[in-house]
Amino acid sequence: MNYRFLTSVLVALIFSGGSAAEPGRDMEWPTWRGGQYGGPRKPRGAFDGIGDLRVVWRSSVGSGYSSVVVADGKVVTMASDHSKDYVVALDEQSGKELWREPIAGTYPGRDGANDGPLSTPVISGDAVFALGPLGHLVSLDLQTGKKRWSTDIAKEHSALLPHWGFSTSPLVYEDLLIVATGGTQKNMVTAFEKGSGRVVWTAGDDIVNYQSPLVMSLDGDDHLVCAGDKTLYGLRPMDGESLWEIRHRGQDFYAKIVNPVVVDEGRLFMTYRSFESKLISVEADEDGYTASDVWKSRDIKGNYNIAAYHEGYLYGYSGAFLVCIDASSGKLAWKSRPPGNGFLIGVDGHLIILTKKGALSVVKASPDAYQEVARMNVFKKRAWTPPSFSNGHIYVRCEFDEVAKVAIVRGEEGKSGEVSREVPLTLPGSEFSKFVASVARATDKKKMLDEFMGRQEKFPIIEGDRLAHIVYRGGANDVAILGDMFELQTQVSMLRVPDTDFFHASFEFDPAAILNYQLIEDLGTPVADPLNKPGSSGLGSASVIRMPAHEEPSVLTERPSVEGGRLDQVPFRSESIQVGGLTWQGGRRLRVYLPAGYDDGDERYPVIYVNNGNPALNQGKMKTVLDNTIGETVAPHIAVFVPSTSAYEYARSQRDVYAKALVKEIVPLIDDRYRTVAEPSSRAILGNHEGGFAALYVSLKFPGVFGMIAAQSAMPIGEGEELLLDLVKKMPRSKTSYYLDWGQYDQRMTATGTDVARSSLLLAQRLEKAGNKVSGGMTPNGSGYSNWRCQTHRILETFFPIRSK
């Protein structure tokens, strides 16, 4: 999540196959991860002769992240209609809804997530067992959906509610329904009698967030394996007796999503840190069993997907790249940009991968290389749930609404034509494209390129007033671009002139545009263009394209002759709040800008509060802007730079906590300590990106506190856009002054409906319609401080103009 941080408990990974007579037809998928937790079966031809993929049916079920389970002709999942959460059953053949049973009121999506359940149901015999995000555990009749029994694991079994709601998936073992309830009073795992819901045993001492139990065979015995935030347990399934345990030493969020993969008997693979994964071994000894680490790897990391195992190799993700590693050593076999970041399962010697952008791929599970055998685009909206496989068909869902059944088409019949294409990176007819064509024909390509590069005064190469050509020369075999010219999380491979080390990509931009971009060499970490020094952006170490008509404001350059203001540091601490196992608020150090002359008089000053205070001062150069504009084009005022203490406090689940702290504590503190004009008409707030959303939200949630509000590239998360528009609709009519600006190439993503430019324009129109004064508008730029800081002086001049005497 940043978008959003949803849990890998959603991910199903299993290799298995169907019968040889009817490929893949005798296999159902009744539970999370298909009931096989990494142990492969011999290939049986489920994908023999595959030529394409074809959607059989689509069904609208509602939003959510629950995986699809299939048994006895029923396709079952969980979903929300934004009022209630449900267990939903569809007909396997037609996709027609058979029944829908409510569990409880909807647990709202947090921090960019949609509403809806995350746990996956389990089908056992004639019953369905499901766990809702608020902790309601139910047993339903498979044929009718009628409730047989229910219990509330939070209220009745002392389970602790995770931040995103209960996500662990129940497991059926013989006559027991086993749930990772989480708790430190011998109640980390609870076994219920399947038929009645009666508690049979509890065991373990650890918090459970987004982990689910599984069963592993060892020396002829079954071991129930379950991870908590600190410990990995091996329990005897029938009575919960502890057989072994190991501190997995997971860190940060990844400690909360440890979901092991069975590699072979007694060996378990897990991603447990953002930068690292590992293999552990469980072995019998004279005292019972001992668990220990075997190896650690940094080649599967930084992704919520759970790896899959097949014939000695593990398949998973390193960031957004698909990787294969040797399970015996942890060494990398290959790494691939296609098919894109997503969630995968393993079936019959193949990987089935659903990307977050809704593309479905079937890939051979081979240590030799990435080998895609079929691909189609299934959803236009974001998917955050792994596929399922049953009776020769693939089942997928997007997080917004749909479940789809996909058939495996043999041979070349029924070509879907829905394969995604990469963005074109050439501009035919340009002088640069003519040069590239001449290099391709040349005998001495190296000499020609050496001379060409030697003639360039700067990079990227600018042609005319609208064309920009990004080039790369070096030892990489693959170079991709990530930046404002594309949608969020999109990497596009640069074009390479054959038989050279020269890569290139061409674009047409507004003549006054500023855009940020990064390069990715050989599927590594995004970095700044080595030919173009890093700039300031939201991407981290990034390079900046400045088109010819762009003029960098002179106020961004320090002027030694200017008497500048000074920065005070003000420690501030608000009460820490525990929500969903996470701690919010606490201490932060405010930095207060006092204009030159403040200490020499007794006059009072207007104030501007700045979200994301530290980067606003550093990348945003805001002190320099204040020093250069105050007394020239801007009236003297105080600026309070408020640092962020959490990624969740501006536009996500803790926005109200921050809003209250700012309005009820920080503003009064500043008014008490400094000579401010403590009136709304003299009080402003400024923010960018999610901090821009926070500026708008605080002003609308607490009308009458700030009379001037500036938001740059305001990023709404989840339902944020609708929330702001609703607050505008309800706001009392006023003459509040708003300044909104956004970039022509601002952040956007079709799969999630994110479009900063569109939402900013809509909000500006609604604010103006409500009687407010709205300034600003669209700039010919992208996102990030290289753009935002170019508008800072305009914001200050709008809010604090020098009044003529």
# chains A, B, ... in the order shown; residues from 1 in each chain; ligands from 1
>>> select_by_dssp(residues="range 307-471 of chain A", states="helix (DSSP H, G or I)", output="JSON, numbers by chain")
{"A": [431, 432, 433, 434, 435, 436, 437, 438, 439, 440, 441, 445, 446, 447, 448, 449, 450, 451, 452, 453, 454, 455]}
>>> residues_around(residues="range 452-463 of chain A", least_positions_apart="3", cutoff="8 Å", atoms="only C-alpha atoms", output="ChimeraX atom specification")
/A:431-432,448-449,466-471,531-532,545,547-548
>>> atom_distance(atom1="CA of Ser438 in chain A", atom2="CA of Asp450 in chain A")
13.9 Å
>>> residues_around(residues="range 780-796 of chain A", least_positions_apart="6", cutoff="7 Å", atoms="only C-alpha atoms", output="PDB file with N, CA and C atoms, in the first residue's frame")
ATOM      1  N   ASP A 484       7.098  10.244 -14.536  1.00  0.00           N
ATOM      2  CA  ASP A 484       5.856  10.994 -14.687  1.00  0.00           C
ATOM      3  C   ASP A 484       5.218  10.810 -16.057  1.00  0.00           C
ATOM      4  N   ASP A 510       4.933  19.115 -23.266  1.00  0.00           N
ATOM      5  CA  ASP A 510       4.667  20.541 -23.310  1.00  0.00           C
ATOM      6  C   ASP A 510       5.996  21.293 -23.264  1.00  0.00           C
ATOM      7  N   ALA A 512       6.984  23.780 -21.735  1.00  0.00           N
ATOM      8  CA  ALA A 512       7.371  24.310 -20.418  1.00  0.00           C
ATOM      9  C   ALA A 512       7.352  23.236 -19.333  1.00  0.00           C
ATOM     10  N   ALA A 513       7.318  21.991 -19.719  1.00  0.00           N
ATOM     11  CA  ALA A 513       7.132  20.895 -18.752  1.00  0.00           C
ATOM     12  C   ALA A 513       8.374  20.633 -17.900  1.00  0.00           C
ATOM     13  N   ILE A 514       8.107  20.125 -16.683  1.00  0.00           N
ATOM     14  CA  ILE A 514       9.132  19.530 -15.817  1.00  0.00           C
ATOM     15  C   ILE A 514       8.617  18.150 -15.459  1.00  0.00           C
ATOM     16  N   LEU A 515       9.434  17.117 -15.646  1.00  0.00           N
ATOM     17  CA  LEU A 515       9.035  15.757 -15.297  1.00  0.00           C
ATOM     18  C   LEU A 515      10.178  15.048 -14.589  1.00  0.00           C
ATOM     19  N   ASN A 516       9.827  14.135 -13.726  1.00  0.00           N
ATOM     20  CA  ASN A 516      10.800  13.311 -13.015  1.00  0.00           C
ATOM     21  C   ASN A 516      10.839  11.914 -13.622  1.00  0.00           C
ATOM     22  N   GLY A 535      17.470  15.087  -9.168  1.00  0.00           N
ATOM     23  CA  GLY A 535      16.709  16.254  -8.759  1.00  0.00           C
ATOM     24  C   GLY A 535      15.864  15.913  -7.558  1.00  0.00           C
ATOM     25  N   SER A 536      14.848  16.716  -7.299  1.00  0.00           N
ATOM     26  CA  SER A 536      13.976  16.528  -6.145  1.00  0.00           C
ATOM     27  C   SER A 536      12.607  16.071  -6.619  1.00  0.00           C
ATOM     28  N   SER A 537      12.192  14.899  -6.199  1.00  0.00           N
ATOM     29  CA  SER A 537      10.900  14.367  -6.624  1.00  0.00           C
ATOM     30  C   SER A 537      10.345  13.465  -5.553  1.00  0.00           C
ATOM     31  N   GLY A 538       9.159  12.939  -5.814  1.00  0.00           N
ATOM     32  CA  GLY A 538       8.569  11.972  -4.913  1.00  0.00           C
ATOM     33  C   GLY A 538       9.099  10.583  -5.153  1.00  0.00           C
ATOM     34  N   GLU A 552      12.991  28.345 -14.288  1.00  0.00           N
ATOM     35  CA  GLU A 552      13.104  28.084 -12.856  1.00  0.00           C
ATOM     36  C   GLU A 552      12.989  29.414 -12.112  1.00  0.00           C
ATOM     37  N   PRO A 553      12.070  29.526 -11.154  1.00  0.00           N
ATOM     38  CA  PRO A 553      11.922  30.792 -10.426  1.00  0.00           C
ATOM     39  C   PRO A 553      13.213  31.201  -9.739  1.00  0.00           C
ATOM     40  N   GLN A 619      13.886  19.525   0.072  1.00  0.00           N
ATOM     41  CA  GLN A 619      13.671  19.456  -1.368  1.00  0.00           C
ATOM     42  C   GLN A 619      12.877  20.656  -1.889  1.00  0.00           C
ATOM     43  N   GLY A 620      11.966  21.158  -1.049  1.00  0.00           N
ATOM     44  CA  GLY A 620      11.128  22.281  -1.479  1.00  0.00           C
ATOM     45  C   GLY A 620      11.775  23.639  -1.361  1.00  0.00           C
ATOM     46  N   VAL A 625      12.756  30.388  -0.357  1.00  0.00           N
ATOM     47  CA  VAL A 625      11.649  31.116  -0.979  1.00  0.00           C
ATOM     48  C   VAL A 625      11.112  32.180  -0.029  1.00  0.00           C
ATOM     49  N   VAL A 634       5.852  39.458  -0.903  1.00  0.00           N
ATOM     50  CA  VAL A 634       5.063  38.757   0.107  1.00  0.00           C
ATOM     51  C   VAL A 634       5.183  39.481   1.442  1.00  0.00           C
ATOM     52  N   GLN A 712      -1.278  21.063  -3.330  1.00  0.00           N
ATOM     53  CA  GLN A 712      -0.581  20.797  -4.579  1.00  0.00           C
ATOM     54  C   GLN A 712      -0.609  19.302  -4.861  1.00  0.00           C
ATOM     55  N   SER A 713      -1.081  18.933  -6.035  1.00  0.00           N
ATOM     56  CA  SER A 713      -1.171  17.507  -6.432  1.00  0.00           C
ATOM     57  C   SER A 713      -1.811  16.686  -5.329  1.00  0.00           C
ATOM     58  N   TYR A 739      -6.065  27.591  -2.907  1.00  0.00           N
ATOM     59  CA  TYR A 739      -5.111  27.552  -4.009  1.00  0.00           C
ATOM     60  C   TYR A 739      -4.839  26.081  -4.317  1.00  0.00           C
ATOM     61  N   GLY A 743      -0.407  18.886 -11.871  1.00  0.00           N
ATOM     62  CA  GLY A 743       0.407  18.794 -13.072  1.00  0.00           C
ATOM     63  C   GLY A 743      -0.306  18.110 -14.232  1.00  0.00           C
ATOM     64  N   GLN A 744       0.036  18.527 -15.429  1.00  0.00           N
ATOM     65  CA  GLN A 744      -0.483  17.882 -16.636  1.00  0.00           C
ATOM     66  C   GLN A 744      -0.081  16.414 -16.671  1.00  0.00           C
ATOM     67  N   TYR A 745       1.081  16.088 -16.092  1.00  0.00           N
ATOM     68  CA  TYR A 745       1.583  14.713 -16.077  1.00  0.00           C
ATOM     69  C   TYR A 745       1.568  14.170 -14.652  1.00  0.00           C
ATOM     70  N   ASP A 746       0.579  14.591 -13.871  1.00  0.00           N
ATOM     71  CA  ASP A 746       0.515  14.197 -12.467  1.00  0.00           C
ATOM     72  C   ASP A 746       0.181  12.711 -12.329  1.00  0.00           C
ATOM     73  N   GLN A 747       0.193  12.232 -11.104  1.00  0.00           N
ATOM     74  CA  GLN A 747       0.064  10.793 -10.859  1.00  0.00           C
ATOM     75  C   GLN A 747      -1.314  10.279 -11.257  1.00  0.00           C
TER      76      GLN A 747
END
>>> closest_residue(among="A:Asp672, A:Glu372, A:Glu632, A:Asp465", to="Arg803 in chain A", atoms="only C-alpha atoms")
A:Glu632
>>> residues_around(residues="range 298-304 of chain A", least_positions_apart="3", cutoff="10 Å", atoms="only C-alpha atoms", output="number ranges by chain")
A: 5-11, 253-254, 257-259, 270-278, 307, 314-325, 330-335, 341-343
>>> write_last_selection(atoms="N, CA and C atoms", output="compact mmCIF listing (two decimals), in the first residue's frame")
# COMPACT_ATOMS: atom_id res chain seq x y z
N PHE A 5 -0.70 -0.82 1.68
CA PHE A 5 -0.08 -1.96 2.34
C PHE A 5 -1.14 -2.98 2.73
N LEU A 6 -1.70 -3.84 1.72
CA LEU A 6 -2.62 -4.94 1.98
C LEU A 6 -1.82 -6.22 2.25
N THR A 7 -2.47 -7.26 2.82
CA THR A 7 -1.74 -8.38 3.36
C THR A 7 -1.55 -9.53 2.41
N SER A 8 -0.42 -10.24 2.56
CA SER A 8 -0.15 -11.38 1.70
C SER A 8 -0.90 -12.62 2.12
N VAL A 9 -1.74 -12.49 3.16
CA VAL A 9 -2.62 -13.60 3.50
C VAL A 9 -3.55 -13.91 2.33
N LEU A 10 -3.65 -12.97 1.39
CA LEU A 10 -4.52 -13.15 0.23
C LEU A 10 -3.92 -14.11 -0.78
N VAL A 11 -2.65 -14.48 -0.63
CA VAL A 11 -1.94 -15.11 -1.73
C VAL A 11 -1.99 -16.63 -1.64
N PHE A 253 6.48 -4.73 8.94
CA PHE A 253 5.24 -5.30 8.44
C PHE A 253 5.41 -6.74 7.99
N TYR A 254 6.59 -7.09 7.52
CA TYR A 254 6.80 -8.44 7.00
C TYR A 254 6.74 -9.50 8.10
N ILE A 257 3.18 -10.91 8.09
CA ILE A 257 2.67 -11.63 6.92
C ILE A 257 3.48 -12.89 6.62
N VAL A 258 4.09 -13.47 7.64
CA VAL A 258 4.86 -14.70 7.43
C VAL A 258 3.90 -15.84 7.13
N ASN A 259 3.93 -16.35 5.91
CA ASN A 259 3.11 -17.47 5.47
C ASN A 259 4.02 -18.47 4.75
N MET A 270 10.13 -18.83 3.72
CA MET A 270 9.29 -17.72 4.12
C MET A 270 9.95 -16.38 3.79
N THR A 271 9.13 -15.41 3.43
CA THR A 271 9.56 -14.02 3.36
C THR A 271 9.23 -13.40 4.71
N TYR A 272 10.21 -12.90 5.40
CA TYR A 272 10.01 -12.46 6.78
C TYR A 272 10.54 -11.05 7.05
N ARG A 273 11.29 -10.50 6.10
CA ARG A 273 11.77 -9.13 6.20
C ARG A 273 11.60 -8.46 4.83
N SER A 274 11.56 -7.13 4.82
CA SER A 274 11.35 -6.44 3.54
C SER A 274 12.48 -6.70 2.57
N PHE A 275 13.66 -6.98 3.07
CA PHE A 275 14.84 -7.12 2.22
C PHE A 275 15.36 -8.54 2.14
N GLU A 276 14.64 -9.51 2.72
CA GLU A 276 15.24 -10.83 2.85
C GLU A 276 14.18 -11.91 3.05
N SER A 277 14.48 -13.11 2.56
CA SER A 277 13.68 -14.30 2.81
C SER A 277 14.63 -15.41 3.27
N LYS A 278 14.05 -16.52 3.73
CA LYS A 278 14.93 -17.59 4.20
C LYS A 278 14.25 -18.94 4.14
N ALA A 307 5.76 -17.18 -2.23
CA ALA A 307 6.45 -17.92 -3.29
C ALA A 307 5.82 -19.28 -3.53
N LEU A 314 12.16 -22.24 -6.31
CA LEU A 314 11.12 -21.37 -5.78
C LEU A 314 10.89 -20.22 -6.74
N TYR A 315 9.62 -19.86 -6.89
CA TYR A 315 9.23 -18.78 -7.79
C TYR A 315 8.47 -17.73 -6.98
N GLY A 316 8.90 -16.49 -7.09
CA GLY A 316 8.26 -15.43 -6.31
C GLY A 316 8.63 -14.08 -6.89
N TYR A 317 8.56 -13.06 -6.06
CA TYR A 317 8.82 -11.69 -6.52
C TYR A 317 9.93 -11.04 -5.71
N SER A 318 10.72 -10.26 -6.43
CA SER A 318 11.66 -9.33 -5.81
C SER A 318 11.20 -7.94 -6.23
N GLY A 319 10.51 -7.26 -5.31
CA GLY A 319 9.87 -6.01 -5.71
C GLY A 319 8.82 -6.31 -6.76
N ALA A 320 8.95 -5.68 -7.94
CA ALA A 320 7.97 -5.88 -9.01
C ALA A 320 8.41 -6.94 -10.01
N PHE A 321 9.58 -7.58 -9.78
CA PHE A 321 10.13 -8.52 -10.75
C PHE A 321 9.88 -9.96 -10.33
N LEU A 322 9.49 -10.79 -11.28
CA LEU A 322 9.33 -12.22 -11.03
C LEU A 322 10.71 -12.87 -11.02
N VAL A 323 10.96 -13.74 -10.04
CA VAL A 323 12.27 -14.38 -9.92
C VAL A 323 12.13 -15.87 -9.70
N CYS A 324 13.20 -16.58 -10.02
CA CYS A 324 13.33 -18.01 -9.73
C CYS A 324 14.62 -18.20 -8.97
N ILE A 325 14.56 -18.92 -7.83
CA ILE A 325 15.79 -19.20 -7.08
C ILE A 325 15.90 -20.69 -6.79
N GLY A 330 19.40 -21.02 -2.36
CA GLY A 330 18.90 -19.64 -2.32
C GLY A 330 19.48 -18.76 -3.40
N LYS A 331 20.22 -19.34 -4.35
CA LYS A 331 20.85 -18.54 -5.40
C LYS A 331 19.87 -18.28 -6.54
N LEU A 332 20.04 -17.10 -7.16
CA LEU A 332 19.15 -16.65 -8.22
C LEU A 332 19.39 -17.44 -9.49
N ALA A 333 18.29 -17.91 -10.12
CA ALA A 333 18.37 -18.57 -11.42
C ALA A 333 18.04 -17.58 -12.54
N TRP A 334 16.96 -16.81 -12.38
CA TRP A 334 16.62 -15.78 -13.35
C TRP A 334 15.70 -14.73 -12.72
N LYS A 335 15.58 -13.62 -13.44
CA LYS A 335 14.76 -12.50 -12.99
C LYS A 335 14.10 -11.89 -14.22
N ASN A 341 4.05 -6.93 -11.66
CA ASN A 341 3.82 -7.20 -10.24
C ASN A 341 2.44 -7.80 -10.02
N GLY A 342 2.38 -8.88 -9.26
CA GLY A 342 1.08 -9.51 -9.04
C GLY A 342 1.13 -10.63 -8.01
N PHE A 343 0.22 -11.58 -8.19
CA PHE A 343 0.07 -12.70 -7.26
C PHE A 343 0.00 -13.99 -8.07
>>> residues_around(residues="range 658-661 of chain A", least_positions_apart="5", cutoff="8 Å", atoms="only C-alpha atoms", output="NGL selection string")
:A and (574 or 585 or 649-650 or 666 or 694 or 697-698)
>>> write_last_selection(atoms="N, CA, C and O atoms", output="compact mmCIF listing (two decimals), in the first residue's frame")
# COMPACT_ATOMS: atom_id res chain seq x y z
N SER A 574 2.04 14.68 21.33
CA SER A 574 0.62 14.41 21.60
C SER A 574 0.49 12.99 22.12
O SER A 574 1.40 12.17 21.98
N GLN A 585 0.67 8.97 16.45
CA GLN A 585 1.06 10.22 17.12
C GLN A 585 2.34 10.04 17.94
O GLN A 585 3.22 9.31 17.54
N GLU A 649 -1.16 9.23 8.32
CA GLU A 649 -1.84 10.31 9.04
C GLU A 649 -2.39 11.43 8.16
O GLU A 649 -3.13 12.29 8.63
N TYR A 650 -2.07 11.46 6.89
CA TYR A 650 -2.55 12.55 6.05
C TYR A 650 -3.82 12.18 5.28
O TYR A 650 -4.83 12.87 5.38
N ILE A 666 -1.58 21.78 18.08
CA ILE A 666 -0.45 22.50 17.47
C ILE A 666 -0.78 23.97 17.24
O ILE A 666 0.02 24.86 17.59
N ALA A 694 -4.48 16.30 3.13
CA ALA A 694 -4.66 16.61 4.55
C ALA A 694 -5.01 18.09 4.74
O ALA A 694 -5.84 18.43 5.58
N TYR A 697 -8.59 18.35 3.84
CA TYR A 697 -9.44 17.63 4.78
C TYR A 697 -9.55 18.37 6.12
O TYR A 697 -10.65 18.53 6.67
N VAL A 698 -8.42 18.86 6.64
CA VAL A 698 -8.44 19.59 7.91
C VAL A 698 -9.32 20.82 7.80
O VAL A 698 -10.13 21.12 8.69
>>> residues_around(residues="range 395-401 of chain A", least_positions_apart="5", cutoff="6 Å", atoms="only C-alpha atoms", output="list in words")
Ser60, Val61, Gly62, Ser63, Gly64, Tyr65, Arg382, Ala383, Pro387 and Ser388 of chain A
>>> write_last_selection(atoms="all heavy atoms", output="mmCIF file, in the first residue's frame")
data_model
loop_
_atom_site.group_PDB
_atom_site.id
_atom_site.type_symbol
_atom_site.label_atom_id
_atom_site.label_comp_id
_atom_site.auth_asym_id
_atom_site.auth_seq_id
_atom_site.Cartn_x
_atom_site.Cartn_y
_atom_site.Cartn_z
ATOM 1 N N SER A 60 -20.639 -10.220 -11.008
ATOM 2 C CA SER A 60 -20.468 -9.103 -10.090
ATOM 3 C C SER A 60 -20.821 -9.559 -8.680
ATOM 4 O O SER A 60 -21.961 -9.945 -8.417
ATOM 5 C CB SER A 60 -21.373 -7.935 -10.507
ATOM 6 O OG SER A 60 -21.280 -6.878 -9.605
ATOM 7 N N VAL A 61 -19.840 -9.533 -7.783
ATOM 8 C CA VAL A 61 -20.068 -10.012 -6.413
ATOM 9 C C VAL A 61 -19.934 -8.902 -5.374
ATOM 10 O O VAL A 61 -20.471 -9.007 -4.271
ATOM 11 C CB VAL A 61 -19.105 -11.172 -6.063
ATOM 12 C CG1 VAL A 61 -19.367 -12.374 -6.938
ATOM 13 C CG2 VAL A 61 -17.644 -10.740 -6.154
ATOM 14 N N GLY A 62 -19.200 -7.837 -5.688
ATOM 15 C CA GLY A 62 -18.915 -6.797 -4.715
ATOM 16 C C GLY A 62 -17.426 -6.700 -4.471
ATOM 17 O O GLY A 62 -16.633 -7.484 -4.991
ATOM 18 N N SER A 63 -17.012 -5.745 -3.671
ATOM 19 C CA SER A 63 -15.587 -5.509 -3.439
ATOM 20 C C SER A 63 -15.036 -6.443 -2.374
ATOM 21 O O SER A 63 -15.763 -6.947 -1.519
ATOM 22 C CB SER A 63 -15.348 -4.055 -3.036
ATOM 23 O OG SER A 63 -16.036 -3.749 -1.835
ATOM 24 N N GLY A 64 -13.734 -6.662 -2.420
ATOM 25 C CA GLY A 64 -13.084 -7.503 -1.425
ATOM 26 C C GLY A 64 -11.833 -8.156 -1.968
ATOM 27 O O GLY A 64 -11.489 -8.008 -3.143
ATOM 28 N N TYR A 65 -11.173 -8.919 -1.107
ATOM 29 C CA TYR A 65 -9.884 -9.526 -1.432
ATOM 30 C C TYR A 65 -9.859 -11.030 -1.183
ATOM 31 O O TYR A 65 -8.842 -11.684 -1.392
ATOM 32 C CB TYR A 65 -8.785 -8.840 -0.609
ATOM 33 C CG TYR A 65 -8.736 -7.361 -0.844
ATOM 34 C CD1 TYR A 65 -9.497 -6.481 -0.078
ATOM 35 C CD2 TYR A 65 -7.971 -6.833 -1.864
ATOM 36 C CE1 TYR A 65 -9.474 -5.114 -0.309
ATOM 37 C CE2 TYR A 65 -7.938 -5.467 -2.109
ATOM 38 C CZ TYR A 65 -8.693 -4.609 -1.323
ATOM 39 O OH TYR A 65 -8.670 -3.261 -1.574
ATOM 40 N N ARG A 382 -7.870 -2.736 -10.618
ATOM 41 C CA ARG A 382 -6.801 -3.412 -9.881
ATOM 42 C C ARG A 382 -7.256 -4.738 -9.295
ATOM 43 O O ARG A 382 -8.368 -4.878 -8.790
ATOM 44 C CB ARG A 382 -6.292 -2.507 -8.767
ATOM 45 C CG ARG A 382 -5.094 -3.089 -8.003
ATOM 46 C CD ARG A 382 -4.551 -2.104 -7.004
ATOM 47 N NE ARG A 382 -5.535 -1.770 -5.982
ATOM 48 C CZ ARG A 382 -5.368 -0.795 -5.090
ATOM 49 N NH1 ARG A 382 -4.274 -0.061 -5.119
ATOM 50 N NH2 ARG A 382 -6.288 -0.546 -4.189
ATOM 51 N N ALA A 383 -6.382 -5.716 -9.355
ATOM 52 C CA ALA A 383 -6.594 -7.025 -8.734
ATOM 53 C C ALA A 383 -5.564 -7.202 -7.631
ATOM 54 O O ALA A 383 -4.396 -6.893 -7.817
ATOM 55 C CB ALA A 383 -6.464 -8.138 -9.763
ATOM 56 N N PRO A 387 -4.950 -16.077 -8.110
ATOM 57 C CA PRO A 387 -5.907 -16.926 -8.821
ATOM 58 C C PRO A 387 -6.203 -18.217 -8.049
ATOM 59 O O PRO A 387 -5.536 -18.546 -7.067
ATOM 60 C CB PRO A 387 -5.193 -17.247 -10.131
ATOM 61 C CG PRO A 387 -4.026 -16.317 -10.207
ATOM 62 C CD PRO A 387 -3.664 -15.988 -8.803
ATOM 63 N N SER A 388 -7.204 -18.930 -8.514
ATOM 64 C CA SER A 388 -7.499 -20.283 -8.066
ATOM 65 C C SER A 388 -7.631 -21.152 -9.310
ATOM 66 O O SER A 388 -7.846 -20.645 -10.417
ATOM 67 C CB SER A 388 -8.792 -20.327 -7.241
ATOM 68 O OG SER A 388 -8.733 -19.442 -6.147
#
>>> atom_distance(atom1="CA of Pro386 in chain A", atom2="CA of Gly349 in chain A")
17.0 Å
>>> select_by_dssp(residues="range 320-509 of chain A", states="strand (DSSP E)", output="ChimeraX atom specification")
/A:321-326,332-336,342-347,350-355,359-364,371-377,388-390,393-397,402-410,461-463,467-473,479-483,492-493,495-496,502-508
>>> residues_around(residues="range 152-158 of chain A", least_positions_apart="2", cutoff="12 Å", atoms="only C-alpha atoms", output="PDB file with C-alpha atoms, in the first residue's frame")
ATOM      1  CA  ILE A 103     -21.869 -11.931   8.043  1.00  0.00           C
ATOM      2  CA  ALA A 104     -21.860  -8.463   9.601  1.00  0.00           C
ATOM      3  CA  ALA A 130     -15.776 -18.232   6.698  1.00  0.00           C
ATOM      4  CA  LEU A 131     -14.206 -15.531   8.866  1.00  0.00           C
ATOM      5  CA  GLY A 132     -15.300 -11.915   8.457  1.00  0.00           C
ATOM      6  CA  PRO A 133     -12.969  -8.957   8.979  1.00  0.00           C
ATOM      7  CA  LEU A 134     -14.633  -8.032  12.281  1.00  0.00           C
ATOM      8  CA  GLY A 135     -14.121 -11.534  13.677  1.00  0.00           C
ATOM      9  CA  HIS A 136     -17.415 -13.281  12.902  1.00  0.00           C
ATOM     10  CA  LEU A 137     -16.657 -16.957  12.259  1.00  0.00           C
ATOM     11  CA  VAL A 138     -19.563 -18.780  10.610  1.00  0.00           C
ATOM     12  CA  TRP A 149     -23.410 -21.851  13.875  1.00  0.00           C
ATOM     13  CA  SER A 150     -21.362 -18.729  14.482  1.00  0.00           C
ATOM     14  CA  LEU A 160      -7.030  -9.000  18.636  1.00  0.00           C
ATOM     15  CA  LEU A 161      -8.391  -7.087  15.640  1.00  0.00           C
ATOM     16  CA  PRO A 162      -5.622  -6.343  13.091  1.00  0.00           C
ATOM     17  CA  GLY A 165      -9.349  -6.584   9.872  1.00  0.00           C
ATOM     18  CA  PHE A 166      -9.178 -10.340  10.448  1.00  0.00           C
ATOM     19  CA  THR A 168      -6.398 -15.282   8.479  1.00  0.00           C
ATOM     20  CA  VAL A 179      -8.194 -20.660  13.107  1.00  0.00           C
ATOM     21  CA  ALA A 180      -5.156 -18.493  13.900  1.00  0.00           C
ATOM     22  CA  THR A 181      -7.044 -16.323  16.364  1.00  0.00           C
ATOM     23  CA  GLY A 182      -3.974 -14.626  17.826  1.00  0.00           C
ATOM     24  CA  GLY A 183      -3.350 -14.113  21.522  1.00  0.00           C
ATOM     25  CA  THR A 184      -0.746 -14.366  24.247  1.00  0.00           C
ATOM     26  CA  GLN A 185      -2.764 -16.470  26.706  1.00  0.00           C
ATOM     27  CA  LYS A 186      -2.292 -19.853  25.047  1.00  0.00           C
ATOM     28  CA  ASN A 187      -4.816 -18.759  22.418  1.00  0.00           C
ATOM     29  CA  MET A 188      -2.755 -17.947  19.326  1.00  0.00           C
ATOM     30  CA  VAL A 189      -4.439 -20.872  17.552  1.00  0.00           C
ATOM     31  CA  THR A 190      -7.936 -22.159  18.288  1.00  0.00           C
ATOM     32  CA  ALA A 191      -9.424 -25.466  17.129  1.00  0.00           C
ATOM     33  CA  PHE A 192     -13.212 -25.609  16.919  1.00  0.00           C
ATOM     34  CA  GLY A 197     -18.334 -24.584  16.871  1.00  0.00           C
ATOM     35  CA  ARG A 198     -17.304 -25.863  20.305  1.00  0.00           C
ATOM     36  CA  VAL A 199     -13.695 -25.069  21.263  1.00  0.00           C
ATOM     37  CA  TRP A 201      -8.177 -26.806  22.124  1.00  0.00           C
ATOM     38  CA  THR A 202      -6.136 -23.585  22.088  1.00  0.00           C
ATOM     39  CA  ILE A 207      -0.079 -11.995  18.047  1.00  0.00           C
ATOM     40  CA  VAL A 208      -1.521 -12.965  14.667  1.00  0.00           C
TER      41      VAL A 208
END
